[in-house]
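Student: Supplied structure: target29.csv, CSV, C-alpha atoms.
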chain,number,residue,atom,x,y,z
A,182,MET,CA,0.0,0.0,0.0
A,183,SER,CA,2.9,2.4,0.7
A,184,ASP,CA,3.9,2.4,-2.9
A,185,GLN,CA,0.5,3.4,-4.2
A,186,ARG,CA,-0.4,6.8,-5.5
A,187,LEU,CA,-3.8,7.6,-4.1
A,188,ILE,CA,-6.3,10.3,-3.5
A,189,ILE,CA,-8.4,10.7,-0.4
A,190,GLN,CA,-11.2,12.5,-2.1
A,191,GLY,CA,-13.9,14.9,-1.1
A,192,GLY,CA,-13.5,14.8,2.7
A,193,ARG,CA,-13.6,17.6,5.2
A,194,VAL,CA,-9.8,18.0,5.7
A,195,ILE,CA,-8.9,19.4,9.1
A,196,ASP,CA,-5.3,20.1,9.9
A,197,PRO,CA,-5.0,21.9,13.2
A,198,ALA,CA,-1.3,22.6,12.8
A,199,ALA,CA,-2.0,24.6,9.7
A,200,ASN,CA,-5.4,26.0,10.9
A,201,PHE,CA,-6.9,24.4,7.8
A,202,ASP,CA,-10.5,23.3,7.6
A,203,ALA,CA,-12.0,22.8,4.1
A,204,ILE,CA,-13.5,20.2,1.8
A,205,ALA,CA,-10.4,19.0,-0.1
A,206,ASP,CA,-8.6,16.1,-1.7
A,207,VAL,CA,-5.4,14.7,-0.2
A,208,TYR,CA,-2.8,13.4,-2.7
A,209,ILE,CA,-0.4,10.7,-1.5
A,210,ALA,CA,2.5,9.0,-3.2
A,211,ASP,CA,4.9,6.4,-1.8
A,212,GLY,CA,3.7,7.0,1.7
A,213,THR,CA,4.1,10.8,1.6
A,214,ILE,CA,1.6,13.6,1.3
A,215,VAL,CA,2.4,15.4,-1.9
A,216,ALA,CA,-0.5,17.9,-1.9
A,217,VAL,CA,-3.7,18.9,-0.2
A,218,GLY,CA,-6.3,20.6,-2.3
A,219,HIS,CA,-4.7,20.9,-5.8
A,220,ARG,CA,-3.7,17.9,-7.9
A,221,PRO,CA,0.0,18.0,-8.6
A,222,ASP,CA,1.1,18.1,-12.2
A,223,GLY,CA,1.5,14.6,-13.7
A,224,PHE,CA,0.0,12.8,-10.6
A,225,LEU,CA,-1.2,9.4,-11.8
A,226,VAL,CA,-3.9,8.0,-9.6
A,227,GLU,CA,-3.9,4.3,-8.7
A,228,LYS,CA,-6.5,4.3,-6.0
A,229,VAL,CA,-9.3,6.6,-4.9
A,230,VAL,CA,-10.7,6.6,-1.3
A,231,ASP,CA,-14.1,8.3,-1.2
A,232,ALA,CA,-14.1,10.5,1.9
A,233,SER,CA,-17.4,12.3,1.2
A,234,GLY,CA,-19.1,13.1,4.5
A,235,LYS,CA,-16.1,12.1,6.5
A,236,ILE,CA,-13.4,14.0,8.4
A,237,VAL,CA,-9.8,13.6,7.3
A,238,CYS,CA,-7.2,14.7,9.9
A,239,PRO,CA,-3.7,13.8,11.0
A,240,GLY,CA,-3.4,10.4,12.7
A,241,PHE,CA,-3.6,10.6,16.5
A,242,VAL,CA,-0.6,10.5,18.8
A,243,ASP,CA,-1.3,8.8,22.2
A,244,LEU,CA,1.3,9.8,24.8
A,245,CYS,CA,0.2,7.1,27.3
A,246,ALA,CA,-1.0,3.7,26.4
A,247,ARG,CA,0.2,0.6,28.2
A,248,LEU,CA,0.9,-2.5,26.2
A,249,ARG,CA,1.7,-4.7,29.3
A,250,ASN,CA,4.1,-7.2,27.6
A,251,PRO,CA,5.5,-7.9,24.1
A,252,SER,CA,3.1,-10.7,23.4
A,253,ARG,CA,0.2,-8.3,23.5
A,254,ILE,CA,1.6,-5.6,21.3
A,255,ALA,CA,0.0,-6.8,18.1
A,256,GLU,CA,-3.5,-7.0,19.7
A,257,GLU,CA,-3.2,-3.6,21.4
A,258,ILE,CA,-1.9,-1.7,18.5
A,259,LYS,CA,-4.5,-3.2,16.2
A,260,SER,CA,-7.1,-1.6,18.6
A,261,ALA,CA,-5.1,1.6,18.6
A,262,ALA,CA,-5.2,1.8,14.8
A,263,SER,CA,-8.9,1.2,14.7
A,264,ALA,CA,-9.2,4.1,17.1
A,265,GLY,CA,-7.3,6.5,14.7
A,266,ILE,CA,-4.0,6.3,16.5
A,267,THR,CA,-0.9,6.2,14.3
A,268,ASP,CA,1.8,6.8,17.0
A,269,LEU,CA,1.6,5.3,20.4
A,270,PHE,CA,3.9,6.0,23.3
A,271,CYS,CA,4.1,3.2,26.0
A,272,PRO,CA,5.3,3.9,29.5
A,273,PRO,CA,8.4,1.9,30.7
A,274,ASP,CA,6.4,-0.2,33.3
A,275,MET,CA,6.0,-3.1,30.9
A,276,ASP,CA,7.0,-6.6,31.5
A,277,PRO,CA,10.0,-6.5,30.9
A,278,ILE,CA,10.7,-2.9,32.1
A,279,ILE,CA,12.0,-0.7,29.3
A,280,ASP,CA,15.4,0.0,30.9
A,281,THR,CA,17.8,-1.4,28.3
A,282,SER,CA,18.2,-0.9,24.6
A,283,ALA,CA,17.5,-4.6,24.1
A,284,VAL,CA,14.0,-4.2,25.4
A,285,VAL,CA,13.5,-1.1,23.3
A,286,ASN,CA,14.5,-3.0,20.2
A,287,LEU,CA,12.3,-5.9,21.1
A,288,ILE,CA,9.2,-3.7,21.4
A,289,ARG,CA,10.0,-1.8,18.2
A,290,GLU,CA,10.5,-5.1,16.3
A,291,LYS,CA,7.3,-6.6,17.6
A,292,ALA,CA,5.4,-3.5,16.6
A,293,GLU,CA,6.9,-3.3,13.2
A,294,GLU,CA,6.1,-7.0,12.6
A,295,ALA,CA,2.5,-6.3,13.5
A,296,GLY,CA,2.1,-3.1,11.5
A,297,TYR,CA,-1.0,-1.0,12.2
A,298,CYS,CA,0.8,1.9,14.0
A,299,ARG,CA,4.1,3.0,15.3
A,300,VAL,CA,5.1,2.3,18.9
A,301,HIS,CA,7.5,4.5,20.7
A,302,PRO,CA,8.9,3.0,23.9
A,303,ILE,CA,9.4,5.4,26.8
A,304,GLY,CA,12.7,4.5,28.5
A,305,ALA,CA,12.9,4.0,32.3
A,306,LEU,CA,14.4,6.9,34.2
A,307,THR,CA,15.9,4.5,36.7
A,308,ARG,CA,17.0,0.8,36.4
A,309,GLY,CA,14.2,-1.5,37.0
A,310,LEU,CA,12.2,1.6,38.0
A,311,ASN,CA,13.9,1.3,41.4
A,312,GLY,CA,14.0,5.0,41.8
A,313,LYS,CA,17.6,5.0,42.8
A,314,ASP,CA,20.0,4.0,40.0
A,315,LEU,CA,19.8,6.1,36.8
A,316,SER,CA,19.3,4.1,33.7
A,317,GLU,CA,21.6,4.2,30.7
A,318,MET,CA,19.7,7.1,29.1
A,319,ARG,CA,22.2,7.7,26.3
A,320,ALA,CA,21.8,4.1,25.2
A,321,LEU,CA,18.1,4.3,25.4
A,322,LYS,CA,18.1,7.4,23.2
A,323,GLU,CA,20.4,5.7,20.7
A,324,ALA,CA,17.9,2.8,20.6
A,325,GLY,CA,15.1,5.2,19.7
A,326,CYS,CA,13.6,6.5,22.9
A,327,LEU,CA,12.4,10.1,22.8
A,328,ALA,CA,11.6,10.3,26.4
A,329,VAL,CA,12.2,8.7,29.8
A,330,SER,CA,9.9,8.3,32.8
A,331,ASN,CA,9.7,6.4,36.0
A,332,GLY,CA,6.0,5.6,35.3
A,333,GLU,CA,4.1,5.4,38.5
A,334,ALA,CA,7.1,4.2,40.5
A,335,PRO,CA,8.4,6.7,43.0
A,336,MET,CA,11.9,8.2,43.1
A,337,ALA,CA,13.9,7.5,46.2
A,338,ASN,CA,14.5,11.2,46.9
A,339,THR,CA,14.8,14.6,45.2
A,340,LEU,CA,18.6,14.4,44.8
A,341,VAL,CA,18.1,11.3,42.5
A,342,MET,CA,15.4,13.2,40.6
A,343,ARG,CA,17.7,16.2,40.1
A,344,ARG,CA,20.5,14.0,38.8
A,345,ALA,CA,18.0,12.2,36.5
A,346,LEU,CA,16.7,15.6,35.1
A,347,GLU,CA,20.3,16.7,34.5
A,348,TYR,CA,21.3,13.4,32.8
A,349,ALA,CA,18.1,13.5,30.6
A,350,ALA,CA,18.7,17.1,29.7
A,351,ASP,CA,22.3,16.2,28.7
A,352,CYS,CA,21.0,13.4,26.5
A,353,GLY,CA,18.3,15.6,24.9
A,354,LEU,CA,15.5,13.5,26.3
A,355,VAL,CA,12.1,14.7,27.6
A,356,VAL,CA,11.3,13.5,31.1
A,357,ILE,CA,7.7,12.5,31.6
A,358,ILE,CA,6.5,12.8,35.1
A,359,ARG,CA,3.2,11.3,36.4
A,360,PRO,CA,3.0,13.6,39.4
A,361,ASN,CA,2.3,11.8,42.6
A,362,ASP,CA,3.6,12.0,46.1
A,363,PRO,CA,3.7,8.4,47.3
A,364,TRP,CA,3.4,9.2,50.9
A,365,LEU,CA,0.4,11.4,50.6
A,366,SER,CA,-1.4,9.0,48.2
A,367,ALA,CA,-0.4,5.8,50.0
A,368,GLY,CA,-3.4,3.4,50.4
A,369,GLY,CA,-5.8,5.7,48.7
A,370,CYS,CA,-8.2,4.7,45.9
A,371,ALA,CA,-10.4,7.7,45.5
A,372,HIS,CA,-10.3,11.5,45.6
A,373,GLU,CA,-10.2,12.7,49.2
A,374,GLY,CA,-13.5,14.4,49.3
A,375,ALA,CA,-17.2,14.1,50.1
A,376,VAL,CA,-17.8,11.0,47.9
A,377,ALA,CA,-14.9,9.0,49.3
A,378,THR,CA,-16.1,9.9,52.8
A,379,ARG,CA,-19.6,8.8,52.1
A,380,LEU,CA,-18.4,5.5,50.6
A,381,GLY,CA,-15.8,4.9,53.3
A,382,LEU,CA,-13.0,4.8,50.8
A,383,PRO,CA,-9.4,5.9,51.6
A,384,GLY,CA,-8.7,9.2,49.9
A,385,ILE,CA,-5.9,10.6,47.7
A,386,PRO,CA,-5.7,14.3,48.4
A,387,ALA,CA,-5.2,16.8,45.5
A,388,SER,CA,-1.9,17.8,47.2
A,389,ALA,CA,-0.5,14.3,46.3
A,390,GLU,CA,-0.3,15.7,42.8
A,391,THR,CA,0.4,19.3,43.3
A,392,VAL,CA,3.2,18.8,45.8
A,393,ALA,CA,5.0,16.5,43.2
A,394,ILE,CA,4.5,19.1,40.5
A,395,ALA,CA,5.8,22.0,42.6
A,396,GLN,CA,8.8,19.9,43.7
A,397,THR,CA,9.7,19.0,40.1
A,398,LEU,CA,9.3,22.6,38.9
A,399,ALA,CA,11.7,23.8,41.5
A,400,LEU,CA,14.3,21.3,40.1
A,401,VAL,CA,13.5,22.2,36.5
A,402,GLU,CA,14.3,25.9,37.3
A,403,GLU,CA,17.8,24.8,38.2
A,404,VAL,CA,18.6,22.2,35.6
A,405,ARG,CA,16.5,23.7,32.7
A,406,GLY,CA,15.6,20.3,31.2
A,407,ARG,CA,12.4,19.5,29.3
A,408,VAL,CA,9.7,18.0,31.5
A,409,HIS,CA,6.2,16.8,30.5
A,410,PHE,CA,3.6,16.2,33.2
A,411,GLY,CA,1.2,13.3,32.4
A,412,GLN,CA,-2.4,12.8,33.3
A,413,LEU,CA,-3.2,15.9,35.4
A,414,SER,CA,-6.3,15.7,37.6
A,415,THR,CA,-6.5,18.9,39.6
A,416,ALA,CA,-7.3,22.5,39.1
A,417,ARG,CA,-4.2,23.6,41.1
A,418,SER,CA,-2.0,21.5,38.8
A,419,VAL,CA,-3.2,23.4,35.8
A,420,GLU,CA,-2.4,26.7,37.6
A,421,LEU,CA,1.1,25.5,38.5
A,422,ILE,CA,1.8,24.4,34.9
A,423,ALA,CA,0.5,27.7,33.5
A,424,GLU,CA,2.6,29.7,36.0
A,425,ALA,CA,5.7,27.7,35.0
A,426,GLN,CA,5.1,28.2,31.3
A,427,ALA,CA,4.6,31.9,31.8
A,428,ARG,CA,8.0,32.0,33.5
A,429,GLY,CA,9.5,30.4,30.4
A,430,LEU,CA,10.2,26.9,31.8
A,431,SER,CA,10.1,24.1,29.2
A,432,VAL,CA,7.2,22.2,30.7
A,433,THR,CA,4.1,20.7,29.0
A,434,ALA,CA,1.2,18.6,30.2
A,435,ASP,CA,-1.4,16.2,29.1
A,436,VAL,CA,-4.7,14.9,30.5
A,437,GLY,CA,-6.4,11.5,30.2
A,438,ILE,CA,-9.6,11.9,28.2
A,439,HIS,CA,-11.8,10.4,30.9
A,440,HIS,CA,-10.7,13.1,33.4
A,441,LEU,CA,-12.3,15.7,31.1
A,442,HIS,CA,-15.7,14.0,31.5
A,443,TYR,CA,-16.0,12.3,34.9
A,444,THR,CA,-15.9,13.4,38.5
A,445,GLU,CA,-15.8,11.8,41.9
A,446,GLU,CA,-19.5,11.4,41.6
A,447,SER,CA,-18.8,8.6,39.1
A,448,LEU,CA,-17.8,6.4,42.1
A,449,ASP,CA,-21.3,6.1,43.4
A,450,GLY,CA,-22.4,2.5,43.8
A,451,PHE,CA,-18.7,1.5,44.0
A,452,ASN,CA,-18.5,1.7,40.2
A,453,ALA,CA,-15.5,-0.4,39.4
A,454,GLN,CA,-15.0,1.3,36.0
A,455,ALA,CA,-14.5,4.6,37.9
A,456,HIS,CA,-11.5,3.3,39.8
A,457,VAL,CA,-8.6,5.1,38.1
A,458,ILE,CA,-5.3,6.7,39.2
A,459,PRO,CA,-5.1,9.6,39.5
A,460,PRO,CA,-8.7,9.5,40.8
A,461,TYR,CA,-11.6,11.5,39.3
A,462,ARG,CA,-11.7,14.7,41.3
A,463,THR,CA,-14.3,17.4,41.8
A,464,GLU,CA,-16.5,19.2,39.2
A,465,ALA,CA,-14.3,22.3,39.7
A,466,ASP,CA,-11.2,20.2,38.9
A,467,ARG,CA,-12.7,18.7,35.8
A,468,ASP,CA,-13.8,22.2,34.6
A,469,ALA,CA,-10.3,23.5,35.2
A,470,LEU,CA,-8.8,20.7,33.2
A,471,ARG,CA,-11.2,21.5,30.3
A,472,ALA,CA,-10.2,25.2,30.5
A,473,GLY,CA,-6.5,24.1,30.5
A,474,VAL,CA,-7.0,22.3,27.3
A,475,LYS,CA,-9.0,25.1,25.8
A,476,THR,CA,-6.3,27.7,26.6
A,477,GLY,CA,-3.4,25.4,25.5
A,478,VAL,CA,-1.8,25.0,29.0
A,479,ILE,CA,-2.6,21.3,28.5
A,480,SER,CA,-1.5,20.6,24.9
A,481,ALA,CA,-2.3,16.9,24.6
A,482,ILE,CA,-5.1,14.5,25.4
A,483,CYS,CA,-4.1,10.9,25.9
A,484,SER,CA,-6.0,7.6,26.4
A,485,ASP,CA,-4.2,6.5,29.5
A,486,HIS,CA,-5.1,3.1,28.2
A,487,GLN,CA,-4.7,0.3,30.8
A,488,PRO,CA,-5.8,-3.1,29.5
A,489,HIS,CA,-6.9,-5.6,32.2
A,490,GLY,CA,-8.0,-9.2,32.4
A,491,LEU,CA,-11.6,-10.1,32.8
A,492,ASP,CA,-11.3,-10.6,36.5
A,493,ALA,CA,-9.4,-7.4,37.3
A,494,LYS,CA,-12.5,-5.5,38.3
A,495,LEU,CA,-14.4,-8.3,40.2
A,496,ASP,CA,-13.0,-7.7,43.7
A,497,SER,CA,-13.9,-5.0,46.3
A,498,PHE,CA,-13.4,-1.4,45.1
A,499,GLN,CA,-10.2,-0.9,47.0
A,500,SER,CA,-8.7,-4.2,45.7
A,501,ILE,CA,-9.5,-4.0,42.0
A,502,ALA,CA,-6.9,-2.8,39.5
A,503,PRO,CA,-7.2,0.9,38.6
A,504,GLY,CA,-7.5,2.1,35.1
A,505,LEU,CA,-9.5,1.0,32.1
A,506,PRO,CA,-9.1,0.1,28.4
A,507,ALA,CA,-9.5,3.4,26.7
A,508,LEU,CA,-7.9,3.3,23.2
A,509,GLU,CA,-11.3,3.2,21.5
A,510,LEU,CA,-12.8,5.8,23.8
A,511,LEU,CA,-10.2,8.5,22.9
A,512,LEU,CA,-11.9,9.8,19.8
A,513,PRO,CA,-15.6,9.5,20.8
A,514,LEU,CA,-15.0,11.1,24.2
A,515,THR,CA,-12.9,13.9,22.7
A,516,PHE,CA,-15.6,14.5,20.1
A,517,GLY,CA,-18.1,14.5,22.9
A,518,LEU,CA,-16.3,17.6,24.3
A,519,VAL,CA,-17.0,19.3,20.9
A,520,ASP,CA,-20.6,18.2,21.0
A,521,ILE,CA,-21.2,19.9,24.4
A,522,GLY,CA,-19.3,23.0,23.4
A,523,VAL,CA,-16.2,22.6,25.6
A,524,LEU,CA,-13.8,22.6,22.6
A,525,ASP,CA,-14.0,23.5,19.0
A,526,LEU,CA,-13.2,20.7,16.6
A,527,GLN,CA,-9.8,22.0,15.5
A,528,THR,CA,-8.6,22.4,19.1
A,529,ALA,CA,-9.9,18.9,20.0
A,530,LEU,CA,-8.2,17.2,17.0
A,531,GLY,CA,-5.0,19.3,17.6
A,532,CYS,CA,-4.8,17.9,21.1
A,533,LEU,CA,-4.8,14.4,19.6
A,534,SER,CA,-2.2,15.0,16.9
A,535,HIS,CA,-0.1,18.2,16.7
A,536,GLY,CA,-0.2,18.9,20.4
A,537,PRO,CA,1.2,15.6,21.6
A,538,ILE,CA,3.9,15.3,18.9
A,539,GLN,CA,5.2,18.7,19.8
A,540,VAL,CA,5.8,17.6,23.3
A,541,LEU,CA,8.4,15.2,22.0
A,542,ALA,CA,9.8,17.9,19.6
A,543,LYS,CA,9.1,15.5,16.8
A,544,ALA,CA,7.9,16.2,13.3
A,545,GLY,CA,4.5,15.0,12.4
A,546,GLY,CA,0.9,15.4,13.5
A,547,ALA,CA,0.2,17.5,10.4
A,548,LEU,CA,-0.9,17.1,6.8
A,549,THR,CA,1.8,19.2,5.2
A,550,SER,CA,3.3,18.3,1.8
A,551,GLY,CA,6.3,16.1,2.3
A,552,SER,CA,5.2,14.7,5.6
A,553,HIS,CA,4.5,11.0,6.3
A,554,ALA,CA,1.0,10.1,5.2
A,555,ASP,CA,-0.3,9.4,8.7
A,556,LEU,CA,-4.0,10.1,8.6
A,557,CYS,CA,-7.3,9.3,10.3
A,558,LEU,CA,-10.5,9.2,8.5
A,559,PHE,CA,-13.8,8.9,10.3
A,560,ASP,CA,-17.5,9.6,9.8
A,561,PRO,CA,-18.8,11.9,12.6
A,562,SER,CA,-22.4,11.0,11.9
A,563,VAL,CA,-22.4,7.3,12.4
A,564,GLY,CA,-20.1,6.6,15.4
A,565,PHE,CA,-16.4,6.3,15.6
A,566,HIS,CA,-14.8,3.4,14.0
A,567,ALA,CA,-11.9,5.2,12.5
A,568,GLN,CA,-9.8,4.2,9.5
A,569,THR,CA,-6.2,5.0,9.7
A,570,PHE,CA,-3.4,5.2,7.2
A,571,VAL,CA,0.2,4.8,8.3
A,572,LEU,CA,1.8,4.6,4.9
A,573,SER,CA,5.5,5.1,5.7
A,574,GLY,CA,8.2,5.4,8.4
Any chance you could put this one into structure tokens?
Tutor:
Amino acid sequence: MSDQRLIIQGGRVIDPAANFDAIADVYIADGTIVAVGHRPDGFLVEKVVDASGKIVCPGFVDLCARLRNPSRIAEEIKSAASAGITDLFCPPDMDPIIDTSAVVNLIREKAEEAGYCRVHPIGALTRGLNGKDLSEMRALKEAGCLAVSNGEAPMANTLVMRRALEYAADCGLVVIIRPNDPWLSAGGCAHEGAVATRLGLPGIPASAETVAIAQTLALVEEVRGRVHFGQLSTARSVELIAEAQARGLSVTADVGIHHLHYTEESLDGFNAQAHVIPPYRTEADRDALRAGVKTGVISAICSDHQPHGLDAKLDSFQSIAPGLPALELLLPLTFGLVDIGVLDLQTALGCLSHGPIQVLAKAGGALTSGSHADLCLFDPSVGFHAQTFVLSG
């Protein structure tokens, strides 16, 4: 398919990176976009894809989707592709942990064998995610990692974190932080608030997140590395990120799509599907997250996909595994924000494509001539089974 010369014809082409929104044709040759709108001279068509009534946009870039282990890669990325995702970043807390170039290569090879979409392993910040011994970040970068993270595992202390930020900056790697103070959140499974109190569930205070962000920002001010905060959940977090960006710090942030919809009220009835970490917070927090996306403080929306076995949600609320499979929820829930007037369509699609790819300072997420033909095509009127095209790279 990558050698074909094709037209995606008559669709509503939306390219948030170029502020483009019009009915147009997309011309593709050898896996590369050669034109949008006007047919290039001498372009010989081998295939036409009728996109009438459909939206054509850049393929989605998911900054946080867990693949669990190499044997599940093909299954998971097939689901990702059907959801419109062309680039998927997986955190290092796989089995095995992504802390060596050999594991990075294994994941990339498995993904390339399967096809569907690209997988970008996020390297471990510390060996075995032990929080103490820095990983060989330079080797991880040479193997293809664009970012490093300690996932949900805590760092031993702030000195290790500072050394990690310095080393990552020296290697030109983005550090992805899932902000959480392990001592403040220990044992918790719900937002520390009225609902958790009513249900008798141990709470996780908002400060578990904001303390971790404030601490990291203080270090970033000294080492000047690039830091991305993943899966924000509180209003105060958005304020902290906005203040840091205003001071010129190189910090970005994303939010899980479900946190833009649900609040602590979703836990009523001990709803197992609402057990997520970070927990759903208050309505004011959710509204602040939405505002953060709208203003650009939060530049990416991710799935925070966490696949589980059938029995993972069958125990008591406190004992069940947090998180939910969310690859195929990413587009419909994002589109839902457009339906209720929270976001305009360009901003929403930009947070799924151009926004996240910019976090990694990587080219893509746009429909410009000469770029890889990574596209998503979907019909907004009949549901959201997206069709994706990853034609090169």
Student: List as a ChimeraX atom specification the protein and nucleic acid residues near Val207 (chain A), meaning an atom at most 7 Å away when all atoms listed in the file are counted, but skip any in the same chain fewer than 3 places from it.
Tutor: /A:188-190,216-218
Student: In Å, how far is it from CA of Phe241 (chain A) to CA of Leu558 (chain A)?
Tutor: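 Distance between the two atoms: 10.7 Å.
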Student: Could you please determine the separation between CA of Asp268 (chain A) and CA of Glu293 (chain A) in Å, to one decimal place?
Tutor: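 Distance between the two atoms: 11.9 Å.
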Student: Within 8 Å of region 371-380 of chain A, counting all atoms listed in the file, which residues qualify if same-chain residues fewer than 2 places away don't, as a ChimeraX atom specification?
Tutor: /A:369,382-387,445-446,448-449,451,456,460-462
Student: Please tell me which residues are no farther than 12 Å from (-10.1, 8.5, 22.6) in the file, counting all atoms listed in the file, and write them as a ChimeraX atom specification.
Tutor: /A:241-246,260-266,436-442,481-486,506-518,529-530,532-534,565-567
Student: What is the CA of Arg344 (chain A)-CA of Lys313 (chain A) distance in Å, reported with one decimal?
Tutor: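 Separating CA of Arg344 (chain A) from CA of Lys313 (chain A) is a distance of 10.3 Å.
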Student: Please return as a list in words every residue within 7 Å of (-6.5, 14.0, 11.8), taking into account only C-alpha atoms and the file's own coordinates.
Tutor: Ile195, Asp196, Val237, Cys238, Pro239, Gly240, Phe241, Leu530, Ser534, Leu556 and Cys557 of chain A
Student: Here is a test: counting all atoms listed in the file, which residue of A:Ile214, A:Ala399, A:Ala232, A:Ile358 is nearest to Gly192 (chain A)?
Tutor: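 Answer, going by the shortest atom-to-atom distance: A:Ala232.
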Student: What lies within 6 Å of Ala493 (chain A) using all atoms listed in the file, ignoring chain neighbours under 4 positions off, as a PyMOL selection string?
Tutor: chain A and resi 489+501-502
Student: Since we have the selection now, will you write its residues out, keeping C-alpha atoms, as an mmCIF file, in the frame of the given file?
Tutor:
data_model
loop_
_atom_site.group_PDB
_atom_site.id
_atom_site.type_symbol
_atom_site.label_atom_id
_atom_site.label_comp_id
_atom_site.auth_asym_id
_atom_site.auth_seq_id
_atom_site.Cartn_x
_atom_site.Cartn_y
_atom_site.Cartn_z
ATOM 1 C CA HIS A 489 -6.900 -5.600 32.200
ATOM 2 C CA ILE A 501 -9.500 -4.000 42.000
ATOM 3 C CA ALA A 502 -6.900 -2.800 39.500
#
Student: Could you check the closest approach to Pro273 (chain A) for each of A:Gly223, A:Gly312, A:Gly332, A:Gly429 and tell me which residue wins, using only C-alpha atoms?
Tutor: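 Comparing A:Gly223, A:Gly312, A:Gly332, A:Gly429 against Pro273 (chain A), the winner is A:Gly332.
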Student: Choose the residue, out of A:Pro277, A:Gly325, A:Pro251, A:Gly531, that has the smallest atom-to-atom separation from Glu294 (chain A); count only C-alpha atoms.
Tutor: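 Among the listed residues, the smallest separation from Glu294 (chain A) belongs to A:Pro251.
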